[in-house]
Protein chains: 2
Amino acid sequence: MSSPPAPFTASPSASGSPGALLTEVAEVQEALSSTRLGDASGQPTGTQRAIRWHPPAYDIRVEDIDVPRILHPDDAIVKVKLAALCGSDLHIYRGNGGVKDVHTCGHEFIGEVVALGSSYGSQAGDRPALYSSLKIGHKVVSPFTVNCGECSVCRLGYTARCPEGALFGSPLLDGGQAQYVRVPKAGGTLFDLSDSSTWSSSMAPEERQTALSKLSDRSLLMLADILPTGVFAAVQAINHPKVQPVLTGKPWPLCFSSVPESNNLSILDEDKVFTAGIVGLGPVGVCAAISLLDTLSTRKVPFHIIAVDPNGSRRTKMKAVYDAIDVSGKAGGTFEVLAIDEAKARANEVTKGVGCTAVLEVVGNSSALDFSYTLVRAFGVIVSVGVHGEPPLPFNGRQAYNKNVSLDFGRCPARAMFPPAFDLLVKRQDIFGQVGEPASLIDRIVDFDQAVESYSSFDKGEIGKVIFDPWK
Amino acid sequence: MSSPPAPFTASPSASGSPGALLTEVAEVQEALSSTRLGDASGQPTGTQRAIRWHPPAYDIRVEDIDVPRILHPDDAIVKVKLAALCGSDLHIYRGNGGVKDVHTCGHEFIGEVVALGSSYGSQAGDRPALYSSLKIGHKVVSPFTVNCGECSVCRLGYTARCPEGALFGSPLLDGGQAQYVRVPKAGGTLFDLSDSSTWSSSMAPEERQTALSKLSDRSLLMLADILPTGVFAAVQAINHPKVQPVLTGKPWPLCFSSVPESNNLSILDEDKVFTAGIVGLGPVGVCAAISLLDTLSTRKVPFHIIAVDPNGSRRTKMKAVYDAIDVSGKAGGTFEVLAIDEAKARANEVTKGVGCTAVLEVVGNSSALDFSYTLVRAFGVIVSVGVHGEPPLPFNGRQAYNKNVSLDFGRCPARAMFPPAFDLLVKRQDIFGQVGEPASLIDRIVDFDQAVESYSSFDKGEIGKVIFDPWK
């Protein structure tokens, strides 16, 4: 749909108010109902199968619903090849998300563009490159949230908090566990896997294209959420000012300046050991561990890492992943996988009673955060990338002051995290490329008939990451 | 006391357990009682005048007490020239600190070394330089907490959390609002103002010595707490990873790597404006503002700053300080001083509804932290350097997640912050060098007879920073 005349001329509302956007959507819907844009543009019509959530909780149904349609000139329709089930889908599944409306589930999907709104093509001008270059037939992977790519928030790379953003698989936006999905602001949101010149990585363009061609769809699907979110956790910890003395070997605050050290203080080798806790070893926790190990090894920083989860099968998976990583990827450190009751004493031993330089909290609840607080050192950093509920935080201001603790909360800007996540995906095909192996993150690929059972087993921690093939 | 034979041979316990330290102190006390170390070494004896706190609250008395004595080989006795009253003294004053024991107040003092324990002198070996170089008669200023300067925590520059540390002016350690004060671990704690070769700054040694010679004692006293604490707030904000896109002009997370930008996102000049809130304009808040302005101007970062306090006289002081700063020190930005009810709307206007890149919370209570949360942008940073109480934090995990907020808590490592604080002190003598002027931080210098009234007026916000002269 890159060439036929557009049936309406509503201009893209990159910086419009929500009110203006709603008016525009209404106009678009009116236009659609009279002109049958879908049919005219080759957009799929009819019905499709989709995994749907019903209130109040634990009620997943596979239903036949209308295929989505272009509702705004910036929309794309993607035919889903694979869609994954994510730990954060469980918030809504369990009825904990404050959600009341039936909707299509899922925020991790990879597929092929089958229809594009009228914003796409040569008339896109200086909008993000994808508005000019994205074509029907291109393979794409989507971050788990929409972002416009044009506002100040997006330009700064804070794409998870774009004011025009929305989470796939929520009442605001049907998700990708379906045969087709509508992607709003697709020119700001999607990664075009058919045209790697539209994004960057640390690889040269040719090398990047070759690497890309070797990656399976299931492996690229990890770029939708879990891999960038894991990298996000590690990047925040590694770049936090409080940990720079350990990484640079210059004491606080001289690590930020050109002021020479005085002869009063001198960092020893033993001070330059990065100690970390990883709390929660679901798929995102494993990705965070891989990313942290990769960065520490690349930068030749000695480390001791304690990875913790109460679930034995998750610990087994984490151990297998660590064993599968080649020696160069884990040189210079120790990595121990422990149950909660063993972890505190061991962290105490390993850090000589000081506590961990950083703790990556990859669960998103009060008890995980509380446990992270017990593990972290004074002047340490807790990075929490999980979705939290509404109970009070498990420590007060006095406790935070007494430990000089830093806390980084929030949702991964997956769109912005693409370059380092892609680089890591290419490096670690031993882990991301497999299915059902001891060291693979993906446990199984199933059809929609197994959706109800898969949600239930995943919720109980009986199985690992599940991918749905909507066409099987 | 740098040469006479030591009356005991207890070795310095740089990394001893608290239990071992207590045993050692007991041994030292026993040694003292039998050998009269004080008299033998020229250590002052007799009584002195001191400002003392009595439980339960609001009970300040000037009393005659024994002069402090060397209790450990690492101790120094300092004859206090000037001692200041600090906002955080009010926690104990008001009975909010959980403190029950009578003690000498004050954690900001400058003075002259009059006695040294047996650790000092040529036998100090490879201990911190001051153990070899500090002499009786040297002028010193002390950070507000003790730190050993030898453990891993100190080597990394996290001096505020040295396991052997203690806060002056608490039941654990008598403070500096007295004629004499005992400084434990003085070789790790003090700044020697008579020998600037023992510390570093961005200035060349000769330039540093010249600058130092021009500074008044009252101005150097600001290095004990309020100036480094203000700098600590600004340094944490400026170096936080989440603000690097604004400062570097490269989007998150490319600001940390050599990966080139794709053609999909491009930061505009308007995105590179650092917007900040400063909540609380007591002396530390003013120092934080001066430090932030200095850094942003030096780095030529455009800025909008909203400085907020409910107290009109504090706002007047902050305005006068800003007016006094030369144009080069505030080039490229706007700085507005507002009451709380005006601030939120104005921050909203200035930041176009996005919120502030960083908020410096320089109060230390729930309402200030809550207000900081309302001011900060998504992906913004709240730096809180105040002493908090024990109520729950004023936002929950869901709110922290929804705003992708980062929080940095804790006590300033004043010992480590000395180099940038000294540099700023030298630069801003227009503000730090004056007394009782509209733009000076120091409101008045009084004698101990005015202590009771000064505490009361300072507590009520009627007067600004007070300095006591114990000999007047």
# chains A, B, ... in the order shown; residues from 1 in each chain; ligands from 1

call {"tool": "select_by_dssp", "arguments": {"residues": "region 19-186 of chain A", "states": "strand (DSSP E or B)", "output": "mmCIF file with N, CA and C atoms, in the first residue's frame"}}
result
data_model
loop_
_atom_site.group_PDB
_atom_site.id
_atom_site.type_symbol
_atom_site.label_atom_id
_atom_site.label_comp_id
_atom_site.auth_asym_id
_atom_site.auth_seq_id
_atom_site.Cartn_x
_atom_site.Cartn_y
_atom_site.Cartn_z
ATOM 1 N N THR A 47 -11.925 -12.765 9.103
ATOM 2 C CA THR A 47 -11.640 -13.032 10.514
ATOM 3 C C THR A 47 -10.302 -13.745 10.680
ATOM 4 N N GLN A 48 -9.852 -13.759 11.915
ATOM 5 C CA GLN A 48 -8.570 -14.371 12.265
ATOM 6 C C GLN A 48 -8.705 -15.029 13.621
ATOM 7 N N ARG A 49 -7.748 -15.865 13.969
ATOM 8 C CA ARG A 49 -7.715 -16.456 15.313
ATOM 9 C C ARG A 49 -6.797 -15.620 16.211
ATOM 10 N N ALA A 50 -7.237 -15.449 17.443
ATOM 11 C CA ALA A 50 -6.460 -14.629 18.382
ATOM 12 C C ALA A 50 -6.612 -15.180 19.794
ATOM 13 N N ILE A 51 -5.559 -15.014 20.586
ATOM 14 C CA ILE A 51 -5.601 -15.396 22.006
ATOM 15 C C ILE A 51 -6.107 -14.192 22.791
ATOM 16 N N ARG A 52 -7.235 -14.365 23.474
ATOM 17 C CA ARG A 52 -7.890 -13.219 24.125
ATOM 18 C C ARG A 52 -7.992 -13.436 25.634
ATOM 19 N N TRP A 53 -7.834 -12.330 26.352
ATOM 20 C CA TRP A 53 -8.001 -12.350 27.810
ATOM 21 C C TRP A 53 -9.408 -11.879 28.162
ATOM 22 N N HIS A 54 -10.033 -12.594 29.109
ATOM 23 C CA HIS A 54 -11.355 -12.183 29.589
ATOM 24 C C HIS A 54 -11.307 -11.936 31.092
ATOM 25 N N ASP A 59 -8.663 -16.333 32.573
ATOM 26 C CA ASP A 59 -9.618 -16.753 31.546
ATOM 27 C C ASP A 59 -9.075 -16.382 30.159
ATOM 28 N N ILE A 60 -8.382 -17.351 29.562
ATOM 29 C CA ILE A 60 -7.796 -17.166 28.236
ATOM 30 C C ILE A 60 -8.630 -17.960 27.228
ATOM 31 N N ARG A 61 -8.995 -17.322 26.117
ATOM 32 C CA ARG A 61 -9.779 -18.029 25.100
ATOM 33 C C ARG A 61 -9.179 -17.764 23.728
ATOM 34 N N VAL A 62 -9.203 -18.765 22.885
ATOM 35 C CA VAL A 62 -8.801 -18.561 21.487
ATOM 36 C C VAL A 62 -10.081 -18.313 20.694
ATOM 37 N N GLU A 63 -10.147 -17.136 20.079
ATOM 38 C CA GLU A 63 -11.408 -16.717 19.455
ATOM 39 C C GLU A 63 -11.187 -16.265 18.014
ATOM 40 N N ASP A 64 -12.264 -16.323 17.252
ATOM 41 C CA ASP A 64 -12.251 -15.757 15.903
ATOM 42 C C ASP A 64 -12.744 -14.318 15.991
ATOM 43 N N ILE A 65 -11.899 -13.414 15.568
ATOM 44 C CA ILE A 65 -12.282 -11.989 15.596
ATOM 45 C C ILE A 65 -11.908 -11.363 14.258
ATOM 46 N N ASP A 66 -12.412 -10.160 14.024
ATOM 47 C CA ASP A 66 -12.071 -9.458 12.784
ATOM 48 C C ASP A 66 -10.574 -9.193 12.712
ATOM 49 N N ALA A 76 0.484 0.357 10.477
ATOM 50 C CA ALA A 76 0.818 -0.776 9.613
ATOM 51 C C ALA A 76 0.051 -1.990 10.139
ATOM 52 N N ILE A 77 -0.288 -2.910 9.241
ATOM 53 C CA ILE A 77 -0.824 -4.198 9.664
ATOM 54 C C ILE A 77 0.278 -5.232 9.430
ATOM 55 N N VAL A 78 0.545 -5.997 10.467
ATOM 56 C CA VAL A 78 1.601 -7.009 10.397
ATOM 57 C C VAL A 78 0.968 -8.396 10.500
ATOM 58 N N LYS A 79 1.317 -9.258 9.559
ATOM 59 C CA LYS A 79 0.929 -10.666 9.632
ATOM 60 C C LYS A 79 1.927 -11.354 10.558
ATOM 61 N N VAL A 80 1.430 -11.880 11.670
ATOM 62 C CA VAL A 80 2.315 -12.392 12.721
ATOM 63 C C VAL A 80 2.852 -13.771 12.339
ATOM 64 N N LYS A 81 4.171 -13.894 12.387
ATOM 65 C CA LYS A 81 4.787 -15.211 12.166
ATOM 66 C C LYS A 81 4.906 -15.979 13.475
ATOM 67 N N LEU A 82 5.410 -15.304 14.475
ATOM 68 C CA LEU A 82 5.569 -15.912 15.805
ATOM 69 C C LEU A 82 5.255 -14.861 16.873
ATOM 70 N N ALA A 83 4.664 -15.307 17.964
ATOM 71 C CA ALA A 83 4.376 -14.396 19.089
ATOM 72 C C ALA A 83 4.718 -15.118 20.368
ATOM 73 N N ALA A 84 5.299 -14.393 21.319
ATOM 74 C CA ALA A 84 5.756 -15.071 22.542
ATOM 75 C C ALA A 84 4.930 -14.683 23.758
ATOM 76 N N HIS A 103 -9.390 -8.256 25.557
ATOM 77 C CA HIS A 103 -8.474 -7.789 24.520
ATOM 78 C C HIS A 103 -7.591 -8.950 24.053
ATOM 79 N N THR A 104 -6.939 -8.754 22.917
ATOM 80 C CA THR A 104 -5.985 -9.743 22.410
ATOM 81 C C THR A 104 -4.673 -9.606 23.185
ATOM 82 N N GLU A 108 4.963 -9.487 22.324
ATOM 83 C CA GLU A 108 6.198 -9.879 21.631
ATOM 84 C C GLU A 108 5.798 -10.571 20.336
ATOM 85 N N PHE A 109 6.116 -9.975 19.210
ATOM 86 C CA PHE A 109 5.767 -10.616 17.937
ATOM 87 C C PHE A 109 6.734 -10.215 16.828
ATOM 88 N N ILE A 110 6.835 -11.120 15.875
ATOM 89 C CA ILE A 110 7.629 -10.876 14.673
ATOM 90 C C ILE A 110 6.749 -11.268 13.494
ATOM 91 N N GLY A 111 6.883 -10.551 12.384
ATOM 92 C CA GLY A 111 6.014 -10.870 11.259
ATOM 93 C C GLY A 111 6.386 -10.104 10.009
ATOM 94 N N GLU A 112 5.385 -9.941 9.157
ATOM 95 C CA GLU A 112 5.620 -9.353 7.839
ATOM 96 C C GLU A 112 4.566 -8.276 7.607
ATOM 97 N N VAL A 113 5.013 -7.152 7.092
ATOM 98 C CA VAL A 113 4.084 -6.045 6.836
ATOM 99 C C VAL A 113 3.168 -6.424 5.676
ATOM 100 N N VAL A 114 1.838 -6.319 5.907
ATOM 101 C CA VAL A 114 0.892 -6.643 4.836
ATOM 102 C C VAL A 114 0.043 -5.450 4.425
ATOM 103 N N ALA A 115 0.050 -4.387 5.205
ATOM 104 C CA ALA A 115 -0.667 -3.169 4.804
ATOM 105 C C ALA A 115 -0.048 -1.976 5.507
ATOM 106 N N LEU A 116 -0.034 -0.854 4.819
ATOM 107 C CA LEU A 116 0.535 0.376 5.374
ATOM 108 C C LEU A 116 -0.439 1.519 5.171
ATOM 109 N N LYS A 139 10.056 -7.909 6.536
ATOM 110 C CA LYS A 139 10.010 -8.610 7.823
ATOM 111 C C LYS A 139 10.308 -7.610 8.928
ATOM 112 N N VAL A 140 9.524 -7.647 9.983
ATOM 113 C CA VAL A 140 9.687 -6.674 11.075
ATOM 114 C C VAL A 140 9.572 -7.363 12.421
ATOM 115 N N VAL A 141 10.244 -6.788 13.409
ATOM 116 C CA VAL A 141 9.997 -7.163 14.799
ATOM 117 C C VAL A 141 9.612 -5.881 15.521
ATOM 118 N N SER A 142 8.700 -6.019 16.449
ATOM 119 C CA SER A 142 8.200 -4.824 17.132
ATOM 120 C C SER A 142 8.651 -4.821 18.581
ATOM 121 N N THR A 145 6.239 -1.883 23.182
ATOM 122 C CA THR A 145 5.385 -0.692 23.235
ATOM 123 C C THR A 145 5.543 0.108 21.945
ATOM 124 N N LEU A 167 1.031 0.027 25.242
ATOM 125 C CA LEU A 167 1.540 -1.339 25.403
ATOM 126 C C LEU A 167 0.687 -2.285 24.572
ATOM 127 N N SER A 170 -3.008 -4.934 25.640
ATOM 128 C CA SER A 170 -3.698 -4.236 26.719
ATOM 129 C C SER A 170 -5.023 -3.716 26.157
ATOM 130 N N LEU A 173 -4.648 -1.392 23.269
ATOM 131 C CA LEU A 173 -4.061 -1.819 22.001
ATOM 132 C C LEU A 173 -3.976 -3.341 21.948
ATOM 133 N N ALA A 178 -1.942 -13.252 17.796
ATOM 134 C CA ALA A 178 -3.034 -13.286 16.818
ATOM 135 C C ALA A 178 -2.390 -13.523 15.459
ATOM 136 N N TYR A 180 -2.950 -11.468 12.907
ATOM 137 C CA TYR A 180 -2.604 -10.122 12.417
ATOM 138 C C TYR A 180 -2.639 -9.142 13.585
ATOM 139 N N VAL A 181 -1.826 -8.114 13.486
ATOM 140 C CA VAL A 181 -1.804 -7.084 14.531
ATOM 141 C C VAL A 181 -1.658 -5.710 13.887
ATOM 142 N N ARG A 182 -2.372 -4.744 14.440
ATOM 143 C CA ARG A 182 -2.225 -3.363 13.966
ATOM 144 C C ARG A 182 -1.123 -2.686 14.792
ATOM 145 N N VAL A 183 -0.187 -2.061 14.095
ATOM 146 C CA VAL A 183 0.914 -1.352 14.757
ATOM 147 C C VAL A 183 0.753 0.147 14.517
#

call {"tool": "interface_residues", "arguments": {"of": "chain A", "to": "chain B", "cutoff": "7 Å", "atoms": "only C-alpha atoms", "output": "VMD selection string"}}
result
chain A and resid 128 to 129 149 152 155 to 158 161 198 to 202 236 239 to 241 245 251 to 253 259 to 267 271 378 to 379 387 to 393 396 to 398 400 to 411 416 to 417

call {"tool": "select_by_dssp", "arguments": {"residues": "region 260-401 of chain A", "states": "helix (DSSP H, G or I)", "output": "ChimeraX atom specification"}}
result
/A:269-272,283-298,312-324,327-330,340-350,366-375,397-401

call {"tool": "residues_around", "arguments": {"residues": "region 422-435 of chain A", "least_positions_apart": "3", "cutoff": "7 Å", "atoms": "only C-alpha atoms", "output": "VMD selection string"}}
result
chain A and resid 201 to 202 211 216 219 321 418 to 419 439 to 444

call {"tool": "write_last_selection", "arguments": {"atoms": "C-alpha atoms", "output": "PDB file, in the first residue's frame"}}
result
ATOM      1  CA  SER A 201      24.647  -1.397  15.670  1.00  0.00           C
ATOM      2  CA  SER A 202      28.320  -1.656  16.514  1.00  0.00           C
ATOM      3  CA  ALA A 211      24.751 -11.569  10.688  1.00  0.00           C
ATOM      4  CA  SER A 216      16.120 -17.376  12.934  1.00  0.00           C
ATOM      5  CA  SER A 219      15.784 -15.750  17.860  1.00  0.00           C
ATOM      6  CA  VAL A 321      23.135 -20.963  30.167  1.00  0.00           C
ATOM      7  CA  PHE A 418      17.864  -2.273  19.792  1.00  0.00           C
ATOM      8  CA  PRO A 419      21.544  -1.683  18.821  1.00  0.00           C
ATOM      9  CA  ALA A 439      20.680 -23.763  27.698  1.00  0.00           C
ATOM     10  CA  SER A 440      17.989 -22.305  25.429  1.00  0.00           C
ATOM     11  CA  LEU A 441      15.692 -19.548  26.590  1.00  0.00           C
ATOM     12  CA  ILE A 442      12.849 -20.758  24.398  1.00  0.00           C
ATOM     13  CA  ASP A 443      11.200 -23.817  25.905  1.00  0.00           C
ATOM     14  CA  ARG A 444       8.720 -24.735  23.136  1.00  0.00           C
TER      15      ARG A 444
END

call {"tool": "residues_around", "arguments": {"residues": "Gly333 (chain B)", "least_positions_apart": "3", "cutoff": "8 Å", "atoms": "only C-alpha atoms", "output": "MDAnalysis selection string"}}
result
chainID B and resid 302:305 330

call {"tool": "residues_around", "arguments": {"residues": "Val359 (chain A)", "least_positions_apart": "3", "cutoff": "6 Å", "atoms": "only C-alpha atoms", "output": "MDAnalysis selection string"}}
result
chainID A and resid 276:278 382

call {"tool": "atom_distance", "arguments": {"atom1": "CA of Tyr93 (chain B)", "atom2": "CA of Ser454 (chain B)"}}
result
11.9 Å
